[in-house]
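Below: upload11.txt (compact mmCIF, C-alpha atoms)
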```
# COMPACT_ATOMS: atom_id res chain seq x y z
CA MET A 30 21.87 -24.91 12.64
CA LYS A 31 24.20 -21.99 13.05
CA ALA A 32 23.92 -19.47 15.85
CA THR A 33 22.23 -16.18 15.15
CA VAL A 34 24.30 -13.01 15.06
CA GLN A 35 27.53 -14.03 16.76
CA GLY A 36 28.59 -11.93 19.70
CA GLU A 37 25.13 -10.67 20.49
CA GLY A 38 25.37 -10.09 24.21
CA SER A 39 23.50 -8.42 27.01
CA LYS A 40 21.17 -5.73 25.70
CA GLU A 41 21.71 -3.54 28.77
CA GLN A 42 25.49 -3.69 28.54
CA GLU A 43 25.28 -3.00 24.82
CA LEU A 44 23.12 0.08 25.43
CA LEU A 45 25.57 1.32 28.06
CA TRP A 46 28.42 1.06 25.57
CA ILE A 47 26.36 2.79 22.89
CA ARG A 48 25.52 5.67 25.23
CA SER A 49 29.15 6.03 26.30
CA ALA A 50 30.23 6.01 22.67
CA LEU A 51 27.64 8.71 21.97
CA LEU A 52 29.33 10.85 24.60
CA GLY A 53 32.60 10.50 22.70
CA ASP A 54 34.09 7.43 24.40
CA SER A 55 35.72 5.55 21.54
CA GLU A 56 36.87 2.80 23.95
CA ALA A 57 33.23 1.96 24.67
CA PHE A 58 32.73 1.60 20.94
CA VAL A 59 35.75 -0.73 20.82
CA GLN A 60 33.82 -3.01 23.19
CA LEU A 61 31.00 -3.11 20.63
CA ILE A 62 33.56 -3.91 17.94
CA GLU A 63 34.87 -6.82 20.01
CA LEU A 64 31.31 -8.06 20.28
CA TYR A 65 30.31 -7.79 16.64
CA GLN A 66 33.53 -8.04 14.66
CA ARG A 67 32.94 -11.65 13.61
CA SER A 68 29.38 -11.03 12.48
CA VAL A 69 30.34 -8.00 10.43
CA TYR A 70 33.49 -9.58 9.03
CA ASN A 71 31.72 -12.80 8.08
CA LEU A 72 29.04 -10.86 6.17
CA CYS A 73 31.69 -8.80 4.38
CA TYR A 74 33.67 -11.92 3.54
CA ARG A 75 30.63 -13.72 2.15
CA MET A 76 29.72 -10.65 0.12
CA LEU A 77 33.14 -9.69 -1.21
CA GLY A 78 34.79 -13.09 -1.33
CA ASN A 79 38.29 -12.33 -0.12
CA ALA A 80 39.92 -11.62 3.21
CA GLU A 81 41.56 -8.31 2.33
CA ASP A 82 38.41 -6.65 1.01
CA ALA A 83 36.41 -8.11 3.88
CA GLU A 84 38.83 -6.57 6.41
CA ASP A 85 38.61 -3.14 4.72
CA ALA A 86 34.83 -3.33 4.51
CA ALA A 87 34.46 -4.40 8.13
CA GLN A 88 36.77 -1.59 9.29
CA GLU A 89 34.82 0.92 7.21
CA THR A 90 31.52 -0.41 8.55
CA PHE A 91 32.59 0.25 12.15
CA LEU A 92 33.92 3.70 11.25
CA ARG A 93 30.65 4.62 9.59
CA ALA A 94 28.68 3.19 12.48
CA PHE A 95 30.72 5.22 14.98
CA HIS A 96 30.27 8.43 13.04
CA SER A 97 26.52 7.94 12.57
CA LEU A 98 25.80 6.48 15.98
CA ARG A 99 23.50 9.44 16.71
CA LYS A 100 21.20 8.19 13.96
CA PHE A 101 20.85 4.78 15.58
CA ASP A 102 17.39 4.22 17.03
CA GLN A 103 18.01 2.59 20.38
CA GLN A 104 14.68 0.77 20.17
CA ARG A 105 16.04 -1.22 17.25
CA SER A 106 18.56 -4.05 17.26
CA PHE A 107 22.12 -2.76 17.10
CA ALA A 108 23.23 -5.92 15.27
CA THR A 109 20.64 -5.41 12.52
CA TRP A 110 21.64 -1.76 12.16
CA LEU A 111 25.34 -2.65 12.00
CA LEU A 112 24.81 -5.44 9.47
CA SER A 113 22.68 -3.11 7.39
CA ILE A 114 25.60 -0.67 7.15
CA ALA A 115 27.94 -3.53 6.26
CA ALA A 116 25.59 -5.01 3.66
CA HIS A 117 24.97 -1.67 1.94
CA TYR A 118 28.66 -0.85 1.94
CA CYS A 119 29.53 -4.24 0.39
CA ILE A 120 26.77 -3.90 -2.21
CA ASP A 121 28.13 -0.46 -3.15
CA GLN A 122 31.66 -1.83 -3.36
CA ILE A 123 30.59 -4.68 -5.63
CA ARG A 124 28.70 -2.27 -7.86
CA LYS A 125 31.61 0.18 -7.97
CA ARG A 126 34.36 -2.29 -8.58
CA LYS A 127 32.27 -4.74 -10.58
CA MET A 128 33.64 -7.42 -8.34
CA THR A 129 32.28 -10.41 -10.18
CA VAL A 130 35.50 -12.39 -9.94
CA PHE A 131 36.33 -13.86 -6.57
CA SER A 132 39.93 -14.42 -5.67
CA LEU A 133 40.25 -17.79 -4.03
CA GLU A 134 44.00 -17.52 -3.62
CA ASP A 135 43.68 -15.76 -0.31
CA VAL A 136 41.28 -18.24 1.21
CA PRO A 137 44.17 -19.66 3.33
CA ASP A 138 44.42 -16.26 5.09
CA ILE A 139 41.02 -16.54 6.69
CA GLU A 140 40.38 -17.82 10.18
CA PHE A 141 37.47 -20.01 11.09
CA ALA A 142 35.49 -19.14 14.16
CA GLY A 143 35.70 -21.68 16.96
CA HIS A 144 37.80 -24.32 15.21
CA ASP A 145 40.99 -26.08 16.09
CA PRO A 146 43.96 -25.46 13.81
CA LEU A 147 44.53 -29.11 12.79
CA PRO A 148 45.92 -29.06 9.24
CA GLU A 149 43.49 -31.62 7.83
CA THR A 150 40.53 -29.81 9.40
CA THR A 151 41.73 -26.50 8.03
CA ILE A 152 42.20 -27.90 4.52
CA SER A 153 38.74 -29.40 4.54
CA LEU A 154 37.21 -26.16 5.78
CA ARG A 155 39.03 -24.19 3.09
CA GLU A 156 37.67 -26.51 0.44
CA ASP A 157 34.18 -25.97 1.82
CA GLN A 158 34.72 -22.23 1.77
CA GLN A 159 35.86 -22.37 -1.83
CA ARG A 160 32.79 -24.31 -2.84
CA ILE A 161 30.47 -21.91 -1.05
CA GLN A 162 32.15 -18.80 -2.39
CA GLN A 163 32.02 -20.23 -5.90
CA LEU A 164 28.31 -20.71 -5.48
CA LEU A 165 27.70 -17.28 -3.93
CA LYS A 166 29.57 -15.48 -6.67
CA THR A 167 26.96 -16.60 -9.17
CA LEU A 168 24.34 -14.46 -7.39
CA SER A 169 23.72 -10.75 -7.79
CA GLU A 170 24.89 -8.59 -4.87
CA LEU A 171 21.41 -8.18 -3.36
CA ASP A 172 20.52 -11.84 -3.79
CA ARG A 173 23.84 -12.75 -2.21
CA ALA A 174 23.18 -10.50 0.78
CA THR A 175 19.72 -12.02 1.14
CA VAL A 176 21.08 -15.57 1.11
CA VAL A 177 23.88 -14.77 3.56
CA LEU A 178 21.55 -13.08 6.04
CA TYR A 179 19.03 -15.90 5.76
CA TYR A 180 21.37 -18.90 5.99
CA TRP A 181 24.24 -17.59 8.13
CA TYR A 182 22.42 -15.18 10.42
CA ASP A 183 19.03 -16.89 10.58
CA PHE A 184 17.34 -13.55 9.92
CA SER A 185 13.60 -13.55 9.36
CA TYR A 186 12.15 -12.13 6.14
CA GLU A 187 11.25 -8.97 8.07
CA GLU A 188 14.76 -8.57 9.44
CA ILE A 189 16.29 -9.07 6.00
CA ALA A 190 13.85 -6.55 4.54
CA GLN A 191 14.81 -4.05 7.23
CA THR A 192 18.53 -4.67 6.80
CA LEU A 193 18.53 -4.41 3.02
CA SER A 194 15.80 -1.77 2.67
CA LEU A 195 13.55 -4.13 0.70
CA THR A 196 9.95 -5.19 1.04
CA VAL A 197 9.17 -8.59 2.55
CA SER A 198 7.76 -9.82 -0.76
CA ALA A 199 10.95 -8.70 -2.54
CA VAL A 200 13.00 -10.67 -0.01
CA LYS A 201 10.90 -13.80 -0.60
CA SER A 202 11.17 -13.42 -4.33
CA ARG A 203 14.94 -12.84 -4.18
CA LEU A 204 15.44 -15.85 -1.94
CA HIS A 205 13.44 -18.05 -4.24
CA ARG A 206 15.38 -16.88 -7.28
CA ALA A 207 18.67 -17.30 -5.42
CA ARG A 208 17.84 -20.86 -4.40
CA ARG A 209 17.12 -21.79 -7.97
CA ALA A 210 20.32 -20.13 -9.16
CA LEU A 211 22.36 -21.89 -6.47
CA ALA A 212 20.92 -25.29 -7.36
CA GLN A 213 21.56 -24.61 -11.03
CA SER A 214 25.15 -23.60 -10.29
CA TRP A 215 25.64 -26.73 -8.22
CA LEU A 216 24.46 -28.84 -11.13
CA GLU A 217 26.86 -27.07 -13.45
CA LYS A 218 29.84 -27.28 -11.09
CA TYR A 219 29.39 -30.86 -9.99
CA PRO A 220 28.03 -32.61 -13.05
CA THR A 221 29.43 -35.99 -12.04
CA THR A 222 26.59 -36.51 -9.61
CA PHE A 223 23.81 -35.18 -11.74
CA GLY A 224 25.36 -35.01 -15.19
CA GLU A 225 23.42 -37.80 -16.77
CA VAL A 226 20.17 -36.60 -15.34
CA GLU A 227 20.90 -32.98 -16.24
CA ARG A 228 21.71 -33.78 -19.86
CA LYS A 229 18.51 -35.74 -20.16
CA GLY A 230 16.67 -32.85 -18.61
CA TYR A 231 17.98 -30.37 -21.14
CA GLU A 232 17.03 -32.72 -23.92
CA SER A 233 13.51 -32.86 -22.64
CA PRO A 234 11.07 -31.15 -25.02
CA VAL A 235 9.64 -29.31 -22.06
CA PHE A 236 12.78 -27.10 -21.84
CA MET B 29 0.83 -28.12 -15.17
CA ASN B 30 4.22 -26.94 -16.43
CA HIS B 31 7.70 -27.04 -15.00
CA ARG B 32 7.48 -23.53 -13.60
CA PHE B 33 4.71 -24.67 -11.27
CA PHE B 34 6.83 -27.52 -9.94
CA GLU B 35 10.06 -25.52 -9.81
CA GLU B 36 8.39 -22.88 -7.69
CA ARG B 37 7.42 -25.58 -5.24
CA LEU B 38 10.85 -27.19 -5.33
CA PHE B 39 12.40 -24.03 -3.88
CA ALA B 40 9.53 -23.04 -1.62
CA ASP B 41 10.49 -22.15 1.93
CA GLU B 42 7.30 -23.18 3.66
CA PRO B 43 5.96 -26.77 3.67
CA LEU B 44 3.60 -27.47 0.76
CA PRO B 45 -0.07 -28.38 1.21
CA PRO B 46 -0.48 -32.19 1.03
CA GLU B 47 -2.16 -32.17 -2.39
CA GLU B 48 0.62 -30.03 -3.92
CA GLN B 49 3.29 -32.19 -2.27
CA LEU B 50 1.67 -35.24 -3.85
CA LEU B 51 1.60 -33.59 -7.28
CA LEU B 52 5.24 -32.63 -6.90
CA GLU B 53 6.29 -36.15 -5.93
CA GLU B 54 4.44 -37.56 -8.94
CA HIS B 55 6.12 -35.06 -11.21
CA LEU B 56 9.54 -35.84 -9.79
CA GLN B 57 9.13 -39.50 -10.62
CA SER B 58 8.74 -38.69 -14.27
CA CYS B 59 11.01 -35.62 -14.62
CA ASP B 60 14.78 -36.15 -14.49
CA ARG B 61 15.50 -32.46 -14.68
CA CYS B 62 13.41 -31.53 -11.63
CA ARG B 63 14.78 -34.49 -9.74
CA ALA B 64 18.33 -33.34 -10.43
CA LEU B 65 17.47 -29.79 -9.40
CA ARG B 66 15.97 -31.00 -6.16
CA ALA B 67 19.01 -33.14 -5.39
CA ALA B 68 21.31 -30.24 -6.23
CA TRP B 69 19.34 -27.90 -3.98
CA GLN B 70 19.46 -30.40 -1.13
CA GLU B 71 23.25 -30.63 -1.48
CA THR B 72 23.52 -26.84 -1.63
CA GLN B 73 21.38 -26.45 1.44
CA ILE B 74 23.62 -28.81 3.36
CA GLU B 75 26.66 -26.77 2.30
CA LEU B 76 24.98 -23.54 3.36
CA ARG B 77 23.76 -24.91 6.65
CA LEU B 78 27.14 -26.39 7.54
CA ALA B 79 29.21 -23.43 6.36
CA GLN B 80 31.51 -22.03 9.04
CA TRP B 81 31.72 -18.45 10.18
CA VAL B 82 34.82 -16.66 9.06
CA ALA B 83 36.62 -14.54 11.65
CA PRO B 84 38.98 -11.60 11.09
CA ARG B 85 42.67 -11.83 11.93
CA GLN B 86 43.67 -11.24 15.54
CA GLY B 87 43.87 -7.57 16.56
CA PHE B 88 40.91 -6.33 14.53
CA SER B 89 39.85 -3.75 17.12
CA GLN B 90 43.43 -2.48 17.51
CA ARG B 91 43.61 -2.01 13.74
CA TRP B 92 40.27 -0.17 13.96
CA ARG B 93 41.74 2.20 16.59
CA GLU B 94 44.67 2.97 14.28
CA HIS B 95 42.35 3.39 11.33
CA TYR B 96 40.16 5.73 13.37
CA LEU B 97 43.08 7.87 14.56
CA HIS B 98 44.42 8.09 11.02
CA ARG B 99 41.02 9.20 9.70
CA ASN B 100 40.72 11.75 12.49
CA ALA B 101 44.15 13.19 11.69
CA GLN B 102 43.16 13.47 8.02
CA ALA B 103 39.90 15.16 8.95
CA GLN B 104 41.71 17.64 11.23
CA GLN B 105 44.11 18.51 8.41
CA ARG B 106 41.16 19.17 6.13
CA ARG B 107 39.48 21.32 8.79
CA ALA B 108 42.67 23.31 9.39
CA LEU B 109 42.96 24.00 5.67
CA LEU B 110 39.32 25.07 5.56
CA VAL B 111 39.80 27.46 8.50
CA PHE B 112 42.89 28.93 6.82
CA LEU B 113 41.04 29.44 3.54
CA ILE B 114 38.02 31.04 5.19
CA ASN B 115 40.21 33.37 7.24
CA SER B 116 42.21 34.31 4.17
CA PHE B 117 38.96 35.14 2.45
CA LEU B 118 37.77 37.27 5.36
CA ALA B 119 41.12 39.08 5.52
CA ALA B 120 40.80 39.80 1.80
CA VAL B 121 37.27 41.13 2.37
CA PHE B 122 38.61 43.47 5.04
CA ALA B 123 41.52 44.61 2.90
CA LEU B 124 39.32 45.32 -0.09
CA PRO B 125 37.84 48.65 1.12
CA PHE B 126 41.34 49.96 1.78
CA TYR B 127 42.47 48.85 -1.66
CA LEU B 128 39.48 50.65 -3.18
CA LEU B 129 40.39 53.82 -1.30
CA VAL B 130 43.83 53.72 -2.82
CA ALA B 131 42.77 52.69 -6.30
CA PHE B 132 39.76 54.99 -6.66
CA PRO B 133 40.37 58.17 -4.69
CA SER B 134 37.59 60.10 -6.37
CA GLN B 135 35.68 61.14 -3.32
CA PRO B 136 37.17 63.88 -1.19
CA LEU B 137 36.71 62.00 2.08
CA TRP B 138 38.40 58.93 0.71
CA MET B 139 41.12 60.99 -0.87
CA ARG B 140 41.96 62.35 2.54
CA LEU B 141 42.19 58.87 3.88
CA VAL B 142 44.45 57.84 1.02
CA ILE B 143 46.74 60.75 1.72
CA ALA B 144 46.77 59.85 5.37
CA LEU B 145 47.62 56.24 4.55
CA TYR B 146 50.39 57.31 2.18
CA ASN B 147 51.72 59.59 4.86
CA LEU B 148 51.61 56.69 7.24
CA SER B 149 53.58 54.48 4.87
CA ALA B 150 56.17 57.19 4.62
CA LEU B 151 56.27 57.42 8.37
CA ILE B 152 56.87 53.72 8.93
CA PRO B 153 60.66 53.79 8.62
CA LEU B 154 60.83 56.98 10.60
CA VAL B 155 58.58 56.48 13.53
CA ASP B 156 59.52 54.54 16.52
CA GLY B 157 57.90 51.14 16.24
CA ILE B 158 54.57 49.62 15.45
CA SER B 159 52.73 51.33 18.30
CA THR B 160 53.26 54.72 16.74
CA PHE B 161 52.04 53.34 13.44
CA VAL B 162 48.86 51.99 15.00
CA VAL B 163 48.21 55.24 16.86
CA THR B 164 48.65 57.16 13.62
CA VAL B 165 46.25 54.88 11.82
CA PHE B 166 43.62 55.45 14.43
CA ARG B 167 44.18 59.18 14.35
CA ALA B 168 43.96 59.21 10.59
CA LEU B 169 40.77 57.16 10.69
CA ALA B 170 39.32 59.42 13.32
CA GLU B 171 40.03 62.35 11.05
CA VAL B 172 38.32 60.99 7.98
CA VAL B 173 35.75 58.48 9.25
CA THR B 174 32.56 59.79 10.74
CA PRO B 175 31.58 58.58 14.25
CA ALA B 176 28.71 56.55 12.77
CA MET B 177 31.11 54.79 10.43
CA GLN B 178 33.49 54.15 13.30
CA ILE B 179 30.70 52.42 15.22
CA SER B 180 29.76 50.40 12.13
CA LEU B 181 33.37 49.34 11.58
CA GLY B 182 33.69 48.39 15.23
CA VAL B 183 30.52 46.29 15.10
CA ALA B 184 31.66 44.65 11.86
CA PHE B 185 35.04 43.86 13.38
CA MET B 186 33.41 42.31 16.43
CA GLY B 187 31.07 40.28 14.21
CA VAL B 188 33.94 38.90 12.18
CA THR B 189 35.84 38.07 15.38
CA ILE B 190 32.83 36.13 16.69
CA ILE B 191 32.46 34.26 13.39
CA TRP B 192 36.16 33.46 13.43
CA LEU B 193 36.02 32.11 17.00
CA ALA B 194 32.92 30.06 16.16
CA MET B 195 34.70 28.60 13.14
CA LEU B 196 37.74 27.74 15.21
CA ARG B 197 35.50 25.96 17.69
CA LYS B 198 33.53 24.09 15.04
CA PHE B 199 36.27 23.10 12.65
CA SER B 200 39.46 22.91 14.68
CA PHE B 201 38.35 21.12 17.80
CA GLY B 202 36.16 18.46 16.18
CA ARG B 203 32.63 17.49 17.04
CA LEU B 204 31.48 15.95 20.26
CA GLY B 205 31.06 12.23 19.95
CA THR B 206 33.73 11.79 17.34
CA GLN B 207 36.82 12.15 19.51
```
What does the file become when written as structure tokens?
Amino acid sequence: MKATVQGEGSKEQELLWIRSALLGDSEAFVQLIELYQRSVYNLCYRMLGNAEDAEDAAQETFLRAFHSLRKFDQQRSFATWLLSIAAHYCIDQIRKRKMTVFSLEDVPDIEFAGHDPLPETTISLREDQQRIQQLLKTLSELDRATVVLYYWYDFSYEEIAQTLSLTVSAVKSRLHRARRALAQSWLEKYPTTFGEVERKGYESPVF
Amino acid sequence: MNHRFFEERLFADEPLPPEEQLLLEEHLQSCDRCRALRAAWQETQIELRLAQWVAPRQGFSQRWREHYLHRNAQAQQRRALLVFLINSFLAAVFALPFYLLVAFPSQPLWMRLVIALYNLSALIPLVDGISTFVVTVFRALAEVVTPAMQISLGVAFMGVTIIWLAMLRKFSFGRLGTQ
């Protein structure tokens, strides 16, 4: 099981930084960036599929967050608010650019959180990343965001709904549809394991 | 029961009631397609659960600082241009009445002002410096503009000065919380 939002620290310290940033202290906001950069970057990377776009999106997310910090309700979770900005920005980018094709060439540029740099480990991790990104790219932008928030960030249905401005039932329905699509994509991409079974399945009169 | 029923249960998040679980297991024994889907989903879930977090390159926050300063510089340039354009517009608004006096000297009072202004322009190379010019302008205005109009012009001038200072404050020095 993965950790929840990485970097989530002391709530009091976080509020102090937010209040300082509200008074115009950009260095206090840099502390918040240090805390949440991995969470935001990871979401952007999973959504956009390449390191360069993920970097731009994460930078833009923090800029937007800094400029609209006054709108942040301090009763809410800062992480959820930040990831909501990131998710919406990435969804807009995908829609604008019609980014349906993922570039896997730049996968070697990415860094894995908390891992040693042994070459064999890195190669294996990159292969895993490629497989996952190939699967994620088959989903629509909102379904992708739902899956990423659910499986990487361990968000509840309510948190996902809040982050993506959806209803809880829409989140459940999107997750269900995404799971089916992911399983289907897996079958199509790795037919050696299931090929025989799959072919038989398609031949079944039920389908 | 059709495949949709079983597929919905294959990808359900919550545990199934025992009777539905039993039905699903029975169906899986006879349906290759659903069995393959379940196996594929189990593999996918493992991939998702084991997937690593991806971190940005070192120096992300430093790059953010640079990005932020660059954006601020761009925004200040835009604000400076806006202030220049607004001031140009206001200057044009102020110059317009004088232009009208020159272009349409139909009214006697205005005609006198026009003559005074023309006299002033003729005086410029002759008189000794700008101060004389300004004094002459005020004298000419005092001659042709009624006291009520003088007060109105003074109030209007003060109003525009206040607006100009407010604009400088708002657009040139940035907003609190964004510096």
query: Any idea which chain B residues end up within 7 Å of chain A if we count all atoms listed in the file, as a ChimeraX atom specification please?
result: /B:39-40,60-61,64-65,68-69,72,76-77,80-85,89,92,96,204-207
- request: With a distance cut-off of 12 Å and only C-alpha atoms, select the neighbouring residues of B:Phe33, excluding the residue or stretch itself and same-chain residues fewer than 4 positions from it, and output the selection as a list of chain:residue names.
  value: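 In the requested form, the answer reads B:Met29, B:Arg37, B:Leu38, B:Phe39, B:Ala40, B:Glu48, B:Gln49, B:Leu51, B:Leu52, B:His55, B:Cys62.
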Just C-alpha atoms for this one: save the residues we selected as a JSON list (two decimals), in the frame of the given file.
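Done, and the output landed in result30.json:
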```json
[["chain", "number", "residue", "atom", "x", "y", "z"],
["B", 29, "MET", "CA", 0.83, -28.12, -15.17],
["B", 37, "ARG", "CA", 7.42, -25.58, -5.24],
["B", 38, "LEU", "CA", 10.85, -27.19, -5.33],
["B", 39, "PHE", "CA", 12.40, -24.03, -3.88],
["B", 40, "ALA", "CA", 9.53, -23.04, -1.62],
["B", 48, "GLU", "CA", 0.62, -30.03, -3.92],
["B", 49, "GLN", "CA", 3.29, -32.19, -2.27],
["B", 51, "LEU", "CA", 1.60, -33.59, -7.28],
["B", 52, "LEU", "CA", 5.24, -32.63, -6.90],
["B", 55, "HIS", "CA", 6.12, -35.06, -11.21],
["B", 62, "CYS", "CA", 13.41, -31.53, -11.63]]
```
- line: note - atom CA of A:Leu193 and atom CA of A:Ala174 are separated by 8.0 Å
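Here atom CA of B:Phe112 is placed at a distance of 9.9 Å from atom CA of B:Leu196.
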Within 7 Å of file point (20.8, -11.0, 8.5), counting all atoms listed in the file, expressed as a PyMOL selection string: chain A and resi 109+112+177-179+182-184+188-189+192
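A straight line drawn from atom CA of A:Lys100 to atom CA of A:Ile47 is 11.6 Å long.
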message: Can you tell me which residues surround A:Ser106 at a distance of at most 12 Å, considering only C-alpha atoms, apart from same-chain residues fewer than 5 positions away, and format the answer as a VMD selection string?
response: chain A and resid 34 37 to 41 43 to 44 47 101 111 to 113 188 191 to 192
Can you write out the residues you just picked, keeping C-alpha atoms, as a CSV table (one decimal), in the frame of the given file?
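Resulting contents of out-v2.csv:
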```csv
chain,number,residue,atom,x,y,z
A,34,VAL,CA,24.3,-13.0,15.1
A,37,GLU,CA,25.1,-10.7,20.5
A,38,GLY,CA,25.4,-10.1,24.2
A,39,SER,CA,23.5,-8.4,27.0
A,40,LYS,CA,21.2,-5.7,25.7
A,41,GLU,CA,21.7,-3.5,28.8
A,43,GLU,CA,25.3,-3.0,24.8
A,44,LEU,CA,23.1,0.1,25.4
A,47,ILE,CA,26.4,2.8,22.9
A,101,PHE,CA,20.8,4.8,15.6
A,111,LEU,CA,25.3,-2.6,12.0
A,112,LEU,CA,24.8,-5.4,9.5
A,113,SER,CA,22.7,-3.1,7.4
A,188,GLU,CA,14.8,-8.6,9.4
A,191,GLN,CA,14.8,-4.0,7.2
A,192,THR,CA,18.5,-4.7,6.8
```
message: I'd like to know which of B:Gln70, B:Phe185, B:Phe34, B:His95 is closest to B:Glu54, using all atoms listed in the file.
response: B:Phe34
